[in-house]
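Source file model-v7.csv; content: CSV, C-alpha atoms.
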```csv
chain,number,residue,atom,x,y,z
A,1,MET,CA,51.0,91.0,-14.6
A,2,GLU,CA,48.9,93.7,-12.9
A,3,ILE,CA,46.4,92.7,-10.1
A,4,GLU,CA,44.2,95.4,-8.8
A,5,GLY,CA,43.3,95.7,-5.1
A,6,ILE,CA,44.6,97.4,-2.0
A,7,THR,CA,45.3,94.1,-0.2
A,8,PHE,CA,47.4,92.7,-3.0
A,9,THR,CA,49.2,96.1,-3.4
A,10,PHE,CA,50.2,96.3,0.3
A,11,ALA,CA,51.1,92.6,0.4
A,12,ALA,CA,53.4,93.0,-2.6
A,13,ILE,CA,55.0,96.0,-1.1
A,14,PHE,CA,55.7,94.7,2.4
A,15,LEU,CA,56.5,91.1,1.5
A,16,GLY,CA,58.9,92.4,-1.2
A,17,ALA,CA,60.3,95.0,1.3
A,18,ALA,CA,61.0,92.2,3.8
A,19,VAL,CA,62.9,90.2,1.2
A,20,PHE,CA,64.8,93.2,-0.2
A,21,ALA,CA,65.6,94.6,3.2
A,22,SER,CA,66.9,91.2,4.3
A,23,ILE,CA,69.2,91.2,1.3
A,24,ALA,CA,70.3,94.7,2.0
A,25,LEU,CA,71.1,93.9,5.6
A,26,TYR,CA,73.1,90.8,4.7
A,27,THR,CA,75.1,92.7,2.1
A,28,ARG,CA,75.4,95.7,4.4
A,29,GLN,CA,73.6,98.2,2.2
A,30,PRO,CA,71.3,101.1,3.2
A,31,ILE,CA,67.8,99.7,3.8
A,32,ILE,CA,66.2,102.8,2.1
A,33,ILE,CA,67.9,101.8,-1.2
A,34,ALA,CA,66.2,98.4,-0.9
A,35,TYR,CA,62.7,100.0,-0.8
A,36,ILE,CA,63.4,102.3,-3.9
A,37,VAL,CA,64.8,99.4,-5.9
A,38,LEU,CA,61.8,97.2,-5.0
A,39,GLY,CA,59.5,100.0,-6.3
A,40,ALA,CA,61.4,100.1,-9.6
A,41,ALA,CA,61.2,96.3,-9.8
A,42,LEU,CA,57.5,95.8,-9.0
A,43,GLY,CA,56.1,99.1,-10.3
A,44,PRO,CA,54.4,99.7,-13.7
A,45,TYR,CA,57.8,100.3,-15.5
A,46,GLY,CA,59.2,97.1,-14.0
A,47,LEU,CA,57.3,93.8,-13.6
A,48,GLY,CA,54.0,95.7,-13.3
A,49,MET,CA,52.8,93.8,-10.2
A,50,VAL,CA,51.8,97.1,-8.6
A,51,GLY,CA,50.2,99.3,-11.2
A,52,ASN,CA,48.2,101.6,-9.0
A,53,THR,CA,50.9,104.2,-8.4
A,54,ASP,CA,48.3,106.9,-7.4
A,55,LEU,CA,47.3,104.8,-4.4
A,56,VAL,CA,50.9,104.1,-3.5
A,57,SER,CA,51.9,107.7,-3.9
A,58,ASP,CA,49.1,109.0,-1.8
A,59,ALA,CA,49.8,106.5,1.0
A,60,GLY,CA,53.5,107.5,0.9
A,61,HIS,CA,52.5,111.1,1.2
A,62,VAL,CA,50.8,110.3,4.5
A,63,GLY,CA,54.1,109.0,5.8
A,64,ILE,CA,55.8,112.3,5.1
A,65,ILE,CA,52.9,114.1,6.9
A,66,PHE,CA,53.4,111.9,10.0
A,67,LEU,CA,57.2,112.4,9.8
A,68,LEU,CA,56.8,116.2,9.9
A,69,PHE,CA,54.2,116.0,12.7
A,70,LEU,CA,56.6,113.9,14.9
A,71,LEU,CA,59.4,116.3,14.0
A,72,GLY,CA,57.3,119.2,15.2
A,73,LEU,CA,56.6,117.4,18.5
A,74,ASP,CA,60.3,117.7,19.4
A,75,MET,CA,60.8,121.3,18.3
A,76,GLN,CA,60.5,123.9,20.9
A,77,PRO,CA,59.1,127.1,19.2
A,78,ARG,CA,61.7,129.4,20.7
A,79,ALA,CA,64.7,127.3,19.6
A,80,LEU,CA,63.2,126.9,16.1
A,81,LEU,CA,62.7,130.6,15.6
A,82,ASN,CA,66.3,131.4,16.8
A,83,SER,CA,67.6,128.8,14.3
A,84,MET,CA,65.5,130.2,11.4
A,85,LYS,CA,66.9,133.7,11.9
A,86,SER,CA,70.4,132.6,11.0
A,87,SER,CA,69.4,129.8,8.6
A,88,SER,CA,67.0,131.7,6.3
A,89,TRP,CA,69.6,133.4,4.3
A,90,VAL,CA,71.6,130.2,4.0
A,91,ALA,CA,68.6,128.4,2.6
A,92,LEU,CA,67.8,131.3,0.2
A,93,ALA,CA,71.4,131.7,-1.0
A,94,SER,CA,72.0,128.0,-1.5
A,95,SER,CA,68.7,127.6,-3.4
A,96,ILE,CA,69.7,130.3,-5.8
A,97,ILE,CA,73.1,128.8,-6.4
A,98,TYR,CA,71.8,125.3,-7.0
A,99,ALA,CA,69.0,126.6,-9.3
A,100,GLY,CA,71.6,128.4,-11.3
A,101,VAL,CA,73.9,125.4,-11.5
A,102,GLY,CA,71.0,123.1,-12.5
A,103,PHE,CA,69.8,125.6,-15.2
A,104,GLY,CA,73.3,126.0,-16.6
A,105,LEU,CA,74.0,122.2,-16.8
A,106,ALA,CA,70.5,121.5,-18.3
A,107,THR,CA,71.1,124.1,-20.9
A,108,LEU,CA,74.5,122.6,-21.8
A,109,PHE,CA,72.8,119.2,-22.4
A,110,GLY,CA,70.5,120.8,-24.9
A,111,LEU,CA,67.3,121.5,-23.0
A,112,GLU,CA,65.1,124.5,-24.0
A,113,THR,CA,65.2,127.5,-21.8
A,114,LEU,CA,61.9,126.8,-20.0
A,115,ASP,CA,62.7,123.2,-19.4
A,116,ALA,CA,66.1,124.1,-18.1
A,117,ALA,CA,64.7,126.7,-15.8
A,118,ILE,CA,62.2,124.2,-14.3
A,119,VAL,CA,64.9,121.6,-14.0
A,120,GLY,CA,67.1,124.0,-12.1
A,121,ALA,CA,64.2,125.1,-9.8
A,122,ALA,CA,63.3,121.5,-9.0
A,123,LEU,CA,66.9,120.6,-8.1
A,124,MET,CA,67.6,123.4,-5.7
A,125,PHE,CA,65.9,121.8,-2.6
A,126,SER,CA,67.2,119.1,-0.3
A,127,SER,CA,65.2,116.1,0.9
A,128,THR,CA,63.2,116.6,4.1
A,129,ILE,CA,62.5,113.0,4.4
A,130,ILE,CA,66.1,111.8,4.0
A,131,GLY,CA,67.5,114.6,6.1
A,132,ILE,CA,65.2,113.8,9.1
A,133,LYS,CA,65.0,110.0,8.6
A,134,LEU,CA,68.8,109.6,8.8
A,135,LEU,CA,69.3,112.0,11.7
A,136,PRO,CA,69.6,110.3,15.2
A,137,THR,CA,66.7,110.9,17.4
A,138,THR,CA,68.8,112.3,20.2
A,139,VAL,CA,70.5,114.8,17.8
A,140,LEU,CA,67.1,115.8,16.3
A,141,HIS,CA,65.6,116.4,19.7
A,142,HIS,CA,68.3,117.9,21.8
A,143,LYS,CA,71.2,119.3,19.7
A,144,HIS,CA,71.9,122.3,17.6
A,145,LEU,CA,72.5,120.3,14.5
A,146,GLY,CA,68.9,119.1,14.5
A,147,GLU,CA,67.6,122.6,15.0
A,148,VAL,CA,69.6,124.1,12.1
A,149,LEU,CA,68.7,121.2,9.8
A,150,VAL,CA,65.0,121.6,10.5
A,151,ALA,CA,65.1,125.4,10.0
A,152,LEU,CA,66.9,125.0,6.7
A,153,LEU,CA,64.4,122.4,5.4
A,154,LEU,CA,61.4,124.5,6.6
A,155,VAL,CA,62.5,127.5,4.6
A,156,GLN,CA,63.1,125.3,1.6
A,157,ASP,CA,59.6,123.8,2.0
A,158,LEU,CA,58.1,127.3,1.9
A,159,LEU,CA,60.0,128.1,-1.3
A,160,ALA,CA,58.9,124.9,-2.8
A,161,ILE,CA,55.3,125.7,-2.0
A,162,ILE,CA,55.5,129.1,-3.6
A,163,LEU,CA,57.1,127.5,-6.7
A,164,LEU,CA,54.3,124.9,-6.9
A,165,VAL,CA,51.6,127.6,-6.6
A,166,VAL,CA,53.2,129.5,-9.5
A,167,LEU,CA,53.5,126.4,-11.7
A,168,GLN,CA,49.9,125.3,-11.0
A,169,GLY,CA,48.6,128.8,-11.6
A,170,ALA,CA,45.9,128.2,-9.0
A,171,ASP,CA,44.5,131.7,-9.4
A,172,PRO,CA,45.3,133.3,-12.8
A,173,THR,CA,43.7,136.6,-11.7
A,174,ALA,CA,46.0,137.0,-8.7
A,175,SER,CA,49.0,139.2,-8.8
A,176,VAL,CA,52.5,137.8,-8.6
A,177,LEU,CA,53.0,139.6,-5.3
A,178,TRP,CA,50.0,137.9,-3.8
A,179,THR,CA,51.0,134.5,-5.2
A,180,VAL,CA,54.4,134.7,-3.6
A,181,GLY,CA,53.3,136.5,-0.4
A,182,ARG,CA,50.3,134.4,0.4
A,183,PRO,CA,52.2,131.4,2.0
A,184,LEU,CA,54.2,133.9,4.1
A,185,LEU,CA,51.0,135.6,5.4
A,186,THR,CA,49.0,132.4,6.0
A,187,LEU,CA,51.8,130.6,7.9
A,188,PRO,CA,51.6,132.9,11.0
A,189,LEU,CA,47.8,132.7,10.8
A,190,LEU,CA,48.0,128.9,10.9
A,191,ALA,CA,50.5,129.0,13.7
A,192,ALA,CA,48.2,131.3,15.8
A,193,GLY,CA,45.2,129.1,15.1
A,194,CYS,CA,47.1,126.0,16.2
A,195,TRP,CA,48.2,127.6,19.4
A,196,VAL,CA,44.6,128.7,20.3
A,197,ALA,CA,43.2,125.2,19.4
A,198,VAL,CA,45.8,123.4,21.5
A,199,ARG,CA,45.6,125.8,24.4
A,200,PHE,CA,41.8,125.8,24.7
A,201,GLY,CA,40.8,122.5,23.1
A,202,LEU,CA,43.5,119.8,22.7
A,203,ILE,CA,45.3,120.2,26.1
A,204,PRO,CA,42.1,120.2,28.2
A,205,LEU,CA,40.8,117.1,26.4
A,206,ILE,CA,44.2,115.3,26.9
A,207,ALA,CA,44.3,116.3,30.6
A,208,ARG,CA,40.8,114.9,31.2
A,209,PHE,CA,41.1,111.6,29.2
A,210,ASP,CA,44.8,110.9,29.3
A,211,ARG,CA,44.1,107.4,30.9
A,212,TYR,CA,42.6,106.2,27.6
A,213,HIS,CA,45.6,105.6,25.4
A,214,GLU,CA,43.4,104.7,22.4
A,215,TYR,CA,41.7,108.1,22.7
A,216,ILE,CA,45.0,109.9,22.8
A,217,PHE,CA,46.1,108.0,19.7
A,218,LEU,CA,43.0,108.9,17.8
A,219,LEU,CA,43.1,112.5,18.9
A,220,SER,CA,46.7,112.9,17.8
A,221,VAL,CA,46.1,111.4,14.4
A,222,GLY,CA,43.0,113.5,13.9
A,223,TRP,CA,44.8,116.7,15.0
A,224,CYS,CA,47.8,116.0,12.6
A,225,LEU,CA,45.7,115.2,9.5
A,226,GLY,CA,43.1,117.9,10.3
A,227,VAL,CA,45.7,120.7,10.5
A,228,ALA,CA,47.4,119.4,7.4
A,229,GLU,CA,44.2,119.8,5.5
A,230,VAL,CA,43.6,123.3,6.9
A,231,ALA,CA,47.1,124.2,5.7
A,232,VAL,CA,46.3,123.1,2.2
A,233,LEU,CA,43.2,125.3,2.2
A,234,LEU,CA,45.4,128.2,3.2
A,235,GLY,CA,47.7,127.7,0.3
A,236,LEU,CA,50.4,125.9,2.2
A,237,SER,CA,51.4,122.2,2.0
A,238,ALA,CA,50.1,119.4,4.1
A,239,GLU,CA,53.6,118.8,5.4
A,240,VAL,CA,54.0,122.3,6.7
A,241,GLY,CA,50.6,122.0,8.4
A,242,ALA,CA,51.5,118.8,10.1
A,243,PHE,CA,54.8,120.3,11.3
A,244,MET,CA,53.0,123.3,12.8
A,245,ALA,CA,50.5,120.9,14.4
A,246,GLY,CA,53.4,119.1,16.1
A,247,VAL,CA,55.2,122.3,17.2
A,248,ALA,CA,51.9,123.6,18.8
A,249,VAL,CA,51.8,120.5,21.0
A,250,ALA,CA,55.6,120.3,21.7
A,251,THR,CA,55.4,122.2,25.0
A,252,SER,CA,52.9,119.7,26.4
A,253,PRO,CA,54.1,116.9,28.7
A,254,ILE,CA,52.1,114.4,26.5
A,255,ALA,CA,54.2,115.2,23.4
A,256,GLN,CA,56.8,112.5,23.9
A,257,TYR,CA,54.1,109.9,24.5
A,258,ILE,CA,52.4,110.9,21.2
A,259,ALA,CA,55.7,110.7,19.4
A,260,VAL,CA,56.4,107.1,20.6
A,261,SER,CA,52.9,105.9,19.9
A,262,LEU,CA,52.9,107.2,16.3
A,263,LYS,CA,56.4,106.1,15.3
A,264,PRO,CA,55.3,102.6,14.0
A,265,LEU,CA,52.5,104.3,11.9
A,266,ARG,CA,55.0,106.7,10.5
A,267,ASP,CA,57.4,103.9,9.5
A,268,PHE,CA,54.6,101.9,7.9
A,269,PHE,CA,53.8,104.8,5.5
A,270,LEU,CA,57.5,105.7,4.9
A,271,VAL,CA,58.2,102.3,3.5
A,272,ILE,CA,55.4,103.0,1.0
A,273,PHE,CA,56.8,106.4,0.2
A,274,PHE,CA,60.2,105.0,-0.8
A,275,PHE,CA,58.6,102.3,-2.8
A,276,SER,CA,56.6,104.9,-4.6
A,277,VAL,CA,59.7,106.8,-5.5
A,278,GLY,CA,61.1,103.8,-7.3
A,279,ALA,CA,57.7,102.8,-8.8
A,280,GLN,CA,57.2,106.2,-10.5
A,281,PHE,CA,60.5,106.0,-12.4
A,282,ASP,CA,60.3,105.0,-16.1
A,283,ILE,CA,63.4,102.8,-16.6
A,284,SER,CA,62.8,102.5,-20.3
A,285,ALA,CA,63.3,106.3,-20.8
A,286,LEU,CA,66.6,106.3,-18.8
A,287,PRO,CA,68.9,105.8,-21.8
A,288,GLU,CA,67.8,109.1,-23.3
A,289,VAL,CA,68.8,111.1,-20.3
A,290,ALA,CA,71.4,108.8,-18.6
A,291,ILE,CA,74.5,110.8,-19.4
A,292,ALA,CA,73.0,114.2,-18.4
A,293,ALA,CA,71.4,112.7,-15.3
A,294,VAL,CA,74.7,111.1,-14.1
A,295,VAL,CA,76.7,114.2,-14.8
A,296,ILE,CA,74.3,116.6,-13.1
A,297,ALA,CA,73.8,114.3,-10.1
A,298,VAL,CA,77.5,113.9,-9.6
A,299,VAL,CA,78.0,117.7,-9.8
A,300,LEU,CA,75.2,118.4,-7.3
A,301,LEU,CA,76.4,115.6,-4.9
A,302,GLY,CA,79.9,117.2,-4.9
A,303,LEU,CA,78.7,120.8,-4.9
A,304,LYS,CA,75.9,120.9,-2.3
A,305,PRO,CA,78.1,119.9,0.7
A,306,VAL,CA,80.7,122.5,-0.2
A,307,ILE,CA,78.2,125.3,-0.6
A,308,TYR,CA,76.3,124.4,2.6
A,309,HIS,CA,79.6,124.3,4.4
A,310,LEU,CA,80.7,127.7,3.2
A,311,LEU,CA,77.4,129.4,3.9
A,312,LEU,CA,77.0,127.8,7.3
A,313,ARG,CA,80.5,128.9,8.2
A,314,GLY,CA,79.4,132.4,7.2
A,315,VAL,CA,76.8,132.3,10.0
A,316,SER,CA,79.4,131.2,12.6
A,317,GLU,CA,78.6,127.5,12.6
A,318,THR,CA,81.6,125.2,13.4
A,319,PRO,CA,83.4,123.4,10.5
A,320,LYS,CA,82.4,120.0,11.9
A,321,LEU,CA,78.7,120.9,12.0
A,322,ALA,CA,78.8,122.6,8.6
A,323,TRP,CA,80.3,119.6,6.9
A,324,ASN,CA,77.9,117.2,8.7
A,325,LEU,CA,74.9,119.2,7.6
A,326,GLY,CA,76.3,119.7,4.1
A,327,PHE,CA,76.5,116.0,3.5
A,328,ARG,CA,73.2,115.2,5.1
A,329,LEU,CA,71.5,117.8,2.8
A,330,GLY,CA,73.6,116.9,-0.3
A,331,GLN,CA,70.7,115.3,-2.2
A,332,CYS,CA,67.8,116.5,-4.2
A,333,SER,CA,64.3,116.6,-2.7
A,334,GLU,CA,61.1,114.6,-3.1
A,335,PHE,CA,59.7,118.0,-4.0
A,336,ALA,CA,61.6,117.8,-7.2
A,337,LEU,CA,59.4,114.8,-8.3
A,338,LEU,CA,56.3,116.8,-7.4
A,339,ILE,CA,57.5,119.9,-9.2
A,340,GLY,CA,58.2,117.8,-12.3
A,341,VAL,CA,54.8,116.2,-12.3
A,342,VAL,CA,52.9,119.5,-11.7
A,343,ALA,CA,54.9,121.3,-14.5
A,344,LEU,CA,54.3,118.5,-16.9
A,345,GLU,CA,50.6,118.5,-16.3
A,346,ALA,CA,50.4,122.3,-16.6
A,347,GLY,CA,52.2,122.0,-20.0
A,348,HIS,CA,55.3,123.9,-18.9
A,349,LEU,CA,57.7,120.9,-19.1
A,350,THR,CA,58.4,118.2,-21.6
A,351,THR,CA,58.3,114.5,-20.8
A,352,GLY,CA,62.1,114.2,-21.4
A,353,ALA,CA,62.9,117.0,-19.0
A,354,ASN,CA,60.6,115.4,-16.4
A,355,THR,CA,62.4,112.1,-16.8
A,356,LEU,CA,65.7,113.9,-16.3
A,357,ILE,CA,64.4,115.4,-13.0
A,358,GLN,CA,63.3,112.0,-11.8
A,359,ALA,CA,66.6,110.3,-12.7
A,360,ILE,CA,68.7,113.0,-11.0
A,361,THR,CA,66.5,113.0,-7.9
A,362,ILE,CA,66.6,109.2,-7.5
A,363,LEU,CA,70.4,109.0,-8.2
A,364,THR,CA,71.1,111.7,-5.5
A,365,LEU,CA,68.7,110.1,-3.0
A,366,LEU,CA,70.4,106.8,-3.4
A,367,ALA,CA,74.0,108.1,-3.4
A,368,SER,CA,73.4,110.5,-0.5
A,369,SER,CA,71.7,107.9,1.6
A,370,TYR,CA,74.7,105.6,1.1
A,371,ILE,CA,77.2,108.4,2.0
A,372,VAL,CA,75.3,109.3,5.2
A,373,VAL,CA,74.8,105.8,6.5
A,374,THR,CA,78.5,104.9,5.9
A,375,ARG,CA,80.1,108.1,7.1
A,376,PHE,CA,77.9,109.7,9.7
A,377,PRO,CA,75.8,108.5,12.7
A,378,PRO,CA,72.3,107.6,11.6
A,379,PRO,CA,69.6,105.3,13.1
A,380,ILE,CA,70.1,102.7,10.3
A,381,ALA,CA,73.9,102.8,9.9
A,382,ILE,CA,75.6,99.8,8.3
A,383,ASP,CA,78.5,100.0,10.8
A,384,ASP,CA,77.3,99.2,14.4
A,385,ASP,CA,79.8,101.8,15.8
A,386,LEU,CA,78.0,104.5,13.8
A,387,ARG,CA,74.4,103.5,14.6
A,388,ARG,CA,72.6,106.0,16.8
A,389,ASP,CA,68.9,106.0,17.6
```
I need this file expressed as structure tokens, please.
Amino acid sequence: MEIEGITFTFAAIFLGAAVFASIALYTRQPIIIAYIVLGAALGPYGLGMVGNTDLVSDAGHVGIIFLLFLLGLDMQPRALLNSMKSSSWVALASSIIYAGVGFGLATLFGLETLDAAIVGAALMFSSTIIGIKLLPTTVLHHKHLGEVLVALLLVQDLLAIILLVVLQGADPTASVLWTVGRPLLTLPLLAAGCWVAVRFGLIPLIARFDRYHEYIFLLSVGWCLGVAEVAVLLGLSAEVGAFMAGVAVATSPIAQYIAVSLKPLRDFFLVIFFFSVGAQFDISALPEVAIAAVVIAVVLLGLKPVIYHLLLRGVSETPKLAWNLGFRLGQCSEFALLIGVVALEAGHLTTGANTLIQAITILTLLASSYIVVTRFPPPIAIDDDLRRD
């Protein structure tokens, strides 16, 4: 039963989310899992009550943009740069290892070379949204753990952008060097532009009209989404643009007020994002890839924390921090779903291989969320003693 209309779509999502979240809380399960399961139940491959997955996916994407913007508001540029210096090689080395493992396992399960290569590439990233959503705010804002986690994810996001550009073949006449180097060149350009705009435009406006809270809210949302779109035009992602928009404002006294005022808006769209993850999964195709998906997911869930731990210890991080970060980044990324779709549309990936990517990603998101909320301090921990805002 499919009923069109944005009102019905949002009503189904949030009424369903309220019911499923209540069940999850009563049974002491991670609330994020409830949203993903709801998406699978009501989406086009389930009951079909929500058939407009494009609308849901686009709205969920806005949630990620706001999440990265709020993250940037709490990142001092100097501390972020210091963390990236030591974290860049960890992100690069770990990505190469995970891509190699994913390629090898996919080949063992009979995938063709190109399919296996794309599967491996899709699985080498960790989830930005899970990593940040399940990190306590105090840790994210004020502690070294948050700085290292953000630096690792930012480097991975840049790698994912480069991979997406290559798969999309946005400019067939461009050289490989330009395709790979363009995001690295345009990122400093975007950062400089944000700094100038904030210094000579945004801050003076905020200082003059800071009494009008509605105006500050509108200015903040417009700034976030505007820079996100500029980033897309420069060959970057909207998420990276939103993050840079936040970092540019981070040194302003108004940054914390903006963060508090936008948090409900962020949470609204994040519920839709997790719903969209479940809604896009074709349950009927699962039997064909079930064994491969479970095996690869289990291997990655076990391997990622170990590799992160070893690499982070190599840059003199403490064992406690290295294990903590390893488990928090032990899942696959939402970028994997996007890479699969882009590769499929470009004719580089078969439908079966894309289904495998979806299954592995969702399995690792579910399992990793459960591990983190039961073993480490997150804002939505099942155990009251572990809950940290």
For CA of Ile130 in chain A and CA of Gly100 in chain A, quote the distance in Å rounded to one decimal.
23.2 Å
As a PyMOL selection string, please: the residues near range 186-192 of chain A (cut-off 8 Å, only C-alpha atoms, same-chain neighbours under 4 positions excluded).
chain A and resi 182+196+231+234-236+241+244+248
Name the residues in contact with Leu366 in chain A at a cut-off of 10 Å, using all atoms listed in the file, excluding same-chain residues fewer than 2 positions from it; report them as an NGL selection string.
:A and (30 or 32-34 or 36-37 or 130 or 331 or 360-364 or 368-371)
Written file, previous selection with C-alpha atoms, as a compact mmCIF listing (two decimals), keeping the file's coordinate frame:
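The file below, result.txt, is the result:
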```
# COMPACT_ATOMS: atom_id res chain seq x y z
CA PRO A 30 71.30 101.10 3.20
CA ILE A 32 66.20 102.80 2.10
CA ILE A 33 67.90 101.80 -1.20
CA ALA A 34 66.20 98.40 -0.90
CA ILE A 36 63.40 102.30 -3.90
CA VAL A 37 64.80 99.40 -5.90
CA ILE A 130 66.10 111.80 4.00
CA GLN A 331 70.70 115.30 -2.20
CA ILE A 360 68.70 113.00 -11.00
CA THR A 361 66.50 113.00 -7.90
CA ILE A 362 66.60 109.20 -7.50
CA LEU A 363 70.40 109.00 -8.20
CA THR A 364 71.10 111.70 -5.50
CA SER A 368 73.40 110.50 -0.50
CA SER A 369 71.70 107.90 1.60
CA TYR A 370 74.70 105.60 1.10
CA ILE A 371 77.20 108.40 2.00
```
One-decimal distance in Å that lies between CA of Val150 in chain A and CA of Ser261 in chain A:
21.9 Å
What does the distance between CA of Val166 in chain A and CA of Ile272 in chain A come to in Å, to one decimal place?
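Taking CA of Val166 in chain A as the start and CA of Ile272 in chain A as the end point, the length is 28.6 Å.
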Nearest residue to Ile162 in chain A out of A:Phe335, A:Tyr215, A:Leu123, A:Glu147, using all atoms listed in the file?
A:Phe335
For Leu70 in chain A, find every residue with an atom within 8 Å (counting all atoms listed in the file), except residues of its own chain fewer than 6 positions away, and show them as a list in words.
Phe243, Gly246, Ala259, Leu262 and Lys263 of chain A
Taking into account only C-alpha atoms, which residue in the set A:Leu47, A:Ala285, A:Leu225, A:Leu329 is nearest to Asn354 in chain A?
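Nearest candidate to Asn354 in chain A out of A:Leu47, A:Ala285, A:Leu225, A:Leu329: A:Ala285.
You can rank A:Glu214, A:Ala41, A:Leu337, A:Ser316 by their closest distance to Gly16 in chain A using only C-alpha atoms, and at the top of that list sits A:Ala41.
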Judged by only C-alpha atoms, the minimum distance to Arg199 in chain A among A:Ser276, A:Ser252, A:Leu233, A:Ala160 is found for A:Ser252
Restricting the calculation to all atoms listed in the file, which member of A:Ser94, A:Ser57, A:Thr27, A:Thr107 is positioned closest to Gly39 in chain A?
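With all atoms listed in the file as the atom set, the closest residue is A:Ser57.
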Best match for closeness to Gly226 in chain A among A:Phe66, A:Tyr35, A:Tyr26, A:Phe20, counting only C-alpha atoms
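Closest candidate: A:Phe66.
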What's the 12 Å shell around Leu356 in chain A, counting only C-alpha atoms, without same-chain residues fewer than 3 positions away, as a PDB file with C-alpha atoms, in the coordinates of the input?
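part_14.pdb written:
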```pdb
ATOM      1  CA  GLY A 102      71.000 123.100 -12.500  1.00  0.00           C
ATOM      2  CA  LEU A 105      74.000 122.200 -16.800  1.00  0.00           C
ATOM      3  CA  ALA A 106      70.500 121.500 -18.300  1.00  0.00           C
ATOM      4  CA  PHE A 109      72.800 119.200 -22.400  1.00  0.00           C
ATOM      5  CA  LEU A 111      67.300 121.500 -23.000  1.00  0.00           C
ATOM      6  CA  ASP A 115      62.700 123.200 -19.400  1.00  0.00           C
ATOM      7  CA  ALA A 116      66.100 124.100 -18.100  1.00  0.00           C
ATOM      8  CA  ILE A 118      62.200 124.200 -14.300  1.00  0.00           C
ATOM      9  CA  VAL A 119      64.900 121.600 -14.000  1.00  0.00           C
ATOM     10  CA  GLY A 120      67.100 124.000 -12.100  1.00  0.00           C
ATOM     11  CA  ALA A 122      63.300 121.500  -9.000  1.00  0.00           C
ATOM     12  CA  LEU A 123      66.900 120.600  -8.100  1.00  0.00           C
ATOM     13  CA  PHE A 281      60.500 106.000 -12.400  1.00  0.00           C
ATOM     14  CA  ASP A 282      60.300 105.000 -16.100  1.00  0.00           C
ATOM     15  CA  ILE A 283      63.400 102.800 -16.600  1.00  0.00           C
ATOM     16  CA  ALA A 285      63.300 106.300 -20.800  1.00  0.00           C
ATOM     17  CA  LEU A 286      66.600 106.300 -18.800  1.00  0.00           C
ATOM     18  CA  PRO A 287      68.900 105.800 -21.800  1.00  0.00           C
ATOM     19  CA  GLU A 288      67.800 109.100 -23.300  1.00  0.00           C
ATOM     20  CA  VAL A 289      68.800 111.100 -20.300  1.00  0.00           C
ATOM     21  CA  ALA A 290      71.400 108.800 -18.600  1.00  0.00           C
ATOM     22  CA  ILE A 291      74.500 110.800 -19.400  1.00  0.00           C
ATOM     23  CA  ALA A 292      73.000 114.200 -18.400  1.00  0.00           C
ATOM     24  CA  ALA A 293      71.400 112.700 -15.300  1.00  0.00           C
ATOM     25  CA  VAL A 294      74.700 111.100 -14.100  1.00  0.00           C
ATOM     26  CA  VAL A 295      76.700 114.200 -14.800  1.00  0.00           C
ATOM     27  CA  ILE A 296      74.300 116.600 -13.100  1.00  0.00           C
ATOM     28  CA  ALA A 297      73.800 114.300 -10.100  1.00  0.00           C
ATOM     29  CA  ALA A 336      61.600 117.800  -7.200  1.00  0.00           C
ATOM     30  CA  LEU A 337      59.400 114.800  -8.300  1.00  0.00           C
ATOM     31  CA  GLY A 340      58.200 117.800 -12.300  1.00  0.00           C
ATOM     32  CA  VAL A 341      54.800 116.200 -12.300  1.00  0.00           C
ATOM     33  CA  LEU A 349      57.700 120.900 -19.100  1.00  0.00           C
ATOM     34  CA  THR A 350      58.400 118.200 -21.600  1.00  0.00           C
ATOM     35  CA  THR A 351      58.300 114.500 -20.800  1.00  0.00           C
ATOM     36  CA  GLY A 352      62.100 114.200 -21.400  1.00  0.00           C
ATOM     37  CA  ALA A 353      62.900 117.000 -19.000  1.00  0.00           C
ATOM     38  CA  ALA A 359      66.600 110.300 -12.700  1.00  0.00           C
ATOM     39  CA  ILE A 360      68.700 113.000 -11.000  1.00  0.00           C
ATOM     40  CA  THR A 361      66.500 113.000  -7.900  1.00  0.00           C
ATOM     41  CA  ILE A 362      66.600 109.200  -7.500  1.00  0.00           C
ATOM     42  CA  LEU A 363      70.400 109.000  -8.200  1.00  0.00           C
TER      43      LEU A 363
END
```
Could you name the residues that touch Leu321 in chain A at 10 Å or less, counting all atoms listed in the file, but leaving out those on the same chain fewer than 2 positions away, as a list in words?
His144, Leu145, Val148, His309, Leu312, Arg313, Glu317, Thr318, Pro319, Trp323, Asn324, Leu325 and Gly326 of chain A
